[in-house]
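So the structure is just underneath, and the comments pick up after that.
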Amino acid sequence: MDEKKEQLLTIEKVLNNNVVIARHDAYKEVVLIGNGLGFNRKKGDVISFGHADKTFLLQDEAEKEQYVNLIPHIDEDLIASINEWLVFIEENMGKKLNEHIHVALTDHLSFAITRAKKNIQFSNPFLLEIETLYPKEYRVAKDVVKEVENRMGVVFPEGEIGFIALHIHSAVTDKALRDINRDHALISRLTELIQSELKVDLVKDNVNYHRLIQHLHRAIDRVHQGEALGEENKLQEVLKAEYPVCYNLAWKLIKVMQNQLNKPVDEAEVLYLTIHLQRLTHPN
């Protein structure tokens, strides 16, 4: 048997029949999840890692408090199912998930199921953008939604796939969900400016729209990372002369990004944005 599975922990709190919080000398507070794991157990009992199907650390005090307060109000069968879905997500993404997804996805799915049963639906304005930017996360989220619907007898609006995909992306990249949503809001603002300035209606299932969204996303990532594209002075003069409307709009987009992110944007970004904008207005 794996050495870690033999290691012993002391139970600090039994959250329900399937979830306990225990203390380990090296790992500090650990959440252990397993079918019937907490049944007939109490504070002070000794338990090993081998008893649990899934374990994760409670390193963030705010998340710990949220999880402890959340679990007693959620059906134990749902907790067990979420544990299975998290394993499914990790296996299909091929990457270890940041532990915060245990709290975030449990909270989200519990609330989403309650909304669905009451026929309360939230739209997701970034759904197509999410599918474009995170296709793998979107596919996995789509499978999770099917499983939730089959097991829980609810029907989710399509937008839920996007919300769950964001949770998966956050867990895979270790980015805070609020930062991901902030960047999506910026992309939405930029696309609205493009429509207004060019007087066009962007077709969201168009390949050039997808390329634009992906470029804006990568450009924002480059700003966060302080990455430069390099100088292209000759190309700049050509684009400025050939496509003045798109070139000037590209500069406006750069200024919006700078103001929103409060960071400098590499001036070379304007060249690539000009090309993408030109493709939108002259797709052929």
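So you can find residues: chains in the structure tokens are A, B, ... in the order shown, residues in each start at 1, and ligands are numbered from 1 in order.
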
**Item:** Those of stretch 11-194 of chain A in DSSP alpha helix (DSSP H), formatted as a ChimeraX atom specification
**Value:** /A:61-70,76-93,100-117,127-133,135-152,159-173,177-194

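Straight-line separation from atom CA of A:Phe56 to atom CA of A:Ala141: 21.4 Å.
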
**Item:** Contacts of A:Tyr67 at 10 Å (only C-alpha atoms; same-chain gap of 5+ positions) as JSON, numbers by chain
**Value:** {"A": [15, 31, 58, 61, 62, 72, 100, 102, 103, 104, 106, 107]}

Those selected residues, please, written with C-alpha atoms and delivered as a PDB file, in the first residue's frame.
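The resulting file, result_10.pdb, is reproduced below:
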ATOM      1  CA  LEU A  15     -19.166  17.592   8.541  1.00  0.00           C
ATOM      2  CA  VAL A  31     -10.499  17.414   4.122  1.00  0.00           C
ATOM      3  CA  LEU A  58      -7.619  23.628   3.632  1.00  0.00           C
ATOM      4  CA  GLU A  61      -8.903  30.375   5.974  1.00  0.00           C
ATOM      5  CA  ALA A  62     -11.772  32.053   4.095  1.00  0.00           C
ATOM      6  CA  PRO A  72     -24.034  20.719   6.262  1.00  0.00           C
ATOM      7  CA  HIS A 100     -10.135  25.697  -4.404  1.00  0.00           C
ATOM      8  CA  HIS A 102     -13.765  21.779  -4.245  1.00  0.00           C
ATOM      9  CA  VAL A 103     -15.302  24.785  -2.525  1.00  0.00           C
ATOM     10  CA  ALA A 104     -16.157  26.818  -5.625  1.00  0.00           C
ATOM     11  CA  THR A 106     -19.618  22.554  -4.757  1.00  0.00           C
ATOM     12  CA  ASP A 107     -21.106  25.950  -3.956  1.00  0.00           C
TER      13      ASP A 107
END

**Request:** Skip A:Val145 itself and residues of its chain fewer than 6 positions away, then list as a list of chain:residue names all residues within 9 Å of it, counting only C-alpha atoms.
**Result:** A:Val155, A:Phe156, A:Glu160, A:Ile161, A:Ile164

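Nearest residue to A:Leu37, choosing from A:Ala80, A:Leu8, A:Val87, A:Asp25 and counting only C-alpha atoms: A:Ala80.
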
Write out as a compact mmCIF listing (two decimals) with N, CA, C and O atoms, in the first residue's frame each polymer residue whose atoms come within 9 Å of stretch 202-216 of chain A, counting only C-alpha atoms; drop sequence neighbours fewer than 5 positions from it.
# COMPACT_ATOMS: atom_id res chain seq x y z
N LEU A 128 -20.31 31.93 -25.91
CA LEU A 128 -19.57 31.61 -27.13
C LEU A 128 -18.09 31.95 -26.99
O LEU A 128 -17.23 31.24 -27.51
N GLU A 129 -17.80 33.04 -26.26
CA GLU A 129 -16.41 33.41 -26.04
C GLU A 129 -15.70 32.33 -25.20
O GLU A 129 -14.55 31.97 -25.46
N THR A 132 -14.96 29.39 -27.29
CA THR A 132 -13.86 29.71 -28.20
C THR A 132 -12.51 29.67 -27.49
O THR A 132 -11.54 29.11 -28.00
N LEU A 133 -12.47 30.26 -26.30
CA LEU A 133 -11.20 30.41 -25.58
C LEU A 133 -10.77 29.13 -24.87
O LEU A 133 -9.58 28.83 -24.79
N ILE A 187 -12.96 42.09 -22.63
CA ILE A 187 -13.13 41.66 -24.02
C ILE A 187 -14.51 42.06 -24.53
O ILE A 187 -14.64 42.51 -25.67
N LEU A 190 -14.44 45.69 -25.37
CA LEU A 190 -13.68 45.93 -26.60
C LEU A 190 -14.51 45.56 -27.83
O LEU A 190 -14.49 46.29 -28.83
N THR A 191 -15.23 44.45 -27.77
CA THR A 191 -16.04 44.04 -28.93
C THR A 191 -17.21 45.01 -29.15
O THR A 191 -17.60 45.26 -30.29
N ILE A 194 -15.77 47.89 -30.96
CA ILE A 194 -15.53 47.53 -32.37
C ILE A 194 -16.82 47.64 -33.18
O ILE A 194 -16.84 48.21 -34.28
N GLN A 195 -17.91 47.08 -32.64
CA GLN A 195 -19.20 47.15 -33.34
C GLN A 195 -19.65 48.58 -33.54
O GLN A 195 -20.16 48.95 -34.60
N ASP A 221 -3.40 38.54 -21.78
CA ASP A 221 -2.45 37.69 -21.04
C ASP A 221 -1.04 38.24 -21.15
O ASP A 221 -0.27 38.24 -20.17
N TYR A 272 -1.34 43.73 -35.03
CA TYR A 272 -2.10 42.49 -35.14
C TYR A 272 -3.60 42.74 -34.99
O TYR A 272 -4.42 42.09 -35.64
N LEU A 273 -3.95 43.69 -34.13
CA LEU A 273 -5.36 44.05 -33.99
C LEU A 273 -5.89 44.65 -35.29
O LEU A 273 -7.02 44.38 -35.69
N HIS A 276 -6.72 41.84 -37.66
CA HIS A 276 -7.95 41.13 -37.26
C HIS A 276 -9.18 41.99 -37.57
O HIS A 276 -10.21 41.46 -38.01
N LEU A 277 -9.10 43.27 -37.33
CA LEU A 277 -10.23 44.16 -37.60
C LEU A 277 -10.50 44.24 -39.09
O LEU A 277 -11.67 44.28 -39.52
N ARG A 279 -9.95 41.89 -41.24
CA ARG A 279 -10.58 40.62 -41.62
C ARG A 279 -12.08 40.64 -41.30
O ARG A 279 -12.89 40.06 -42.02
N LEU A 280 -12.43 41.30 -40.19
CA LEU A 280 -13.85 41.37 -39.82
C LEU A 280 -14.66 42.16 -40.84
O LEU A 280 -15.80 41.82 -41.15
N PRO A 283 -13.99 40.05 -44.94
CA PRO A 283 -13.67 38.63 -44.69
C PRO A 283 -13.13 37.89 -45.90
O PRO A 283 -12.48 36.87 -45.76

Report as a tab-separated table: every residue of stretch 47-132 of chain A with an atom at most 9 Å from stretch 171-180 of chain A, its closest pair of atoms, and their distance in Å to one decimal, counting only C-alpha atoms, with rows sorted by chain and ascending residue number.
residue	atom	partner	partner_atom	distance
A:Glu90	CA	A:Val172	CA	8.7
A:Met93	CA	A:Val172	CA	7.9
A:Lys95	CA	A:Val172	CA	6.6
A:Lys96	CA	A:Val172	CA	6.8
A:Leu97	CA	A:Ala171	CA	5.0
A:Asn98	CA	A:Ala171	CA	4.6
A:Glu99	CA	A:Ala171	CA	7.3
A:His100	CA	A:Ala171	CA	7.0
A:Ile101	CA	A:Ala171	CA	5.8

**Prompt:** What lies within 12 Å of A:Glu147 using only C-alpha atoms, ignoring chain neighbours under 6 positions off, as a ChimeraX atom specification?
**Reply:** /A:78,81-82,84-86,88-89,109,140-141,153-156,161
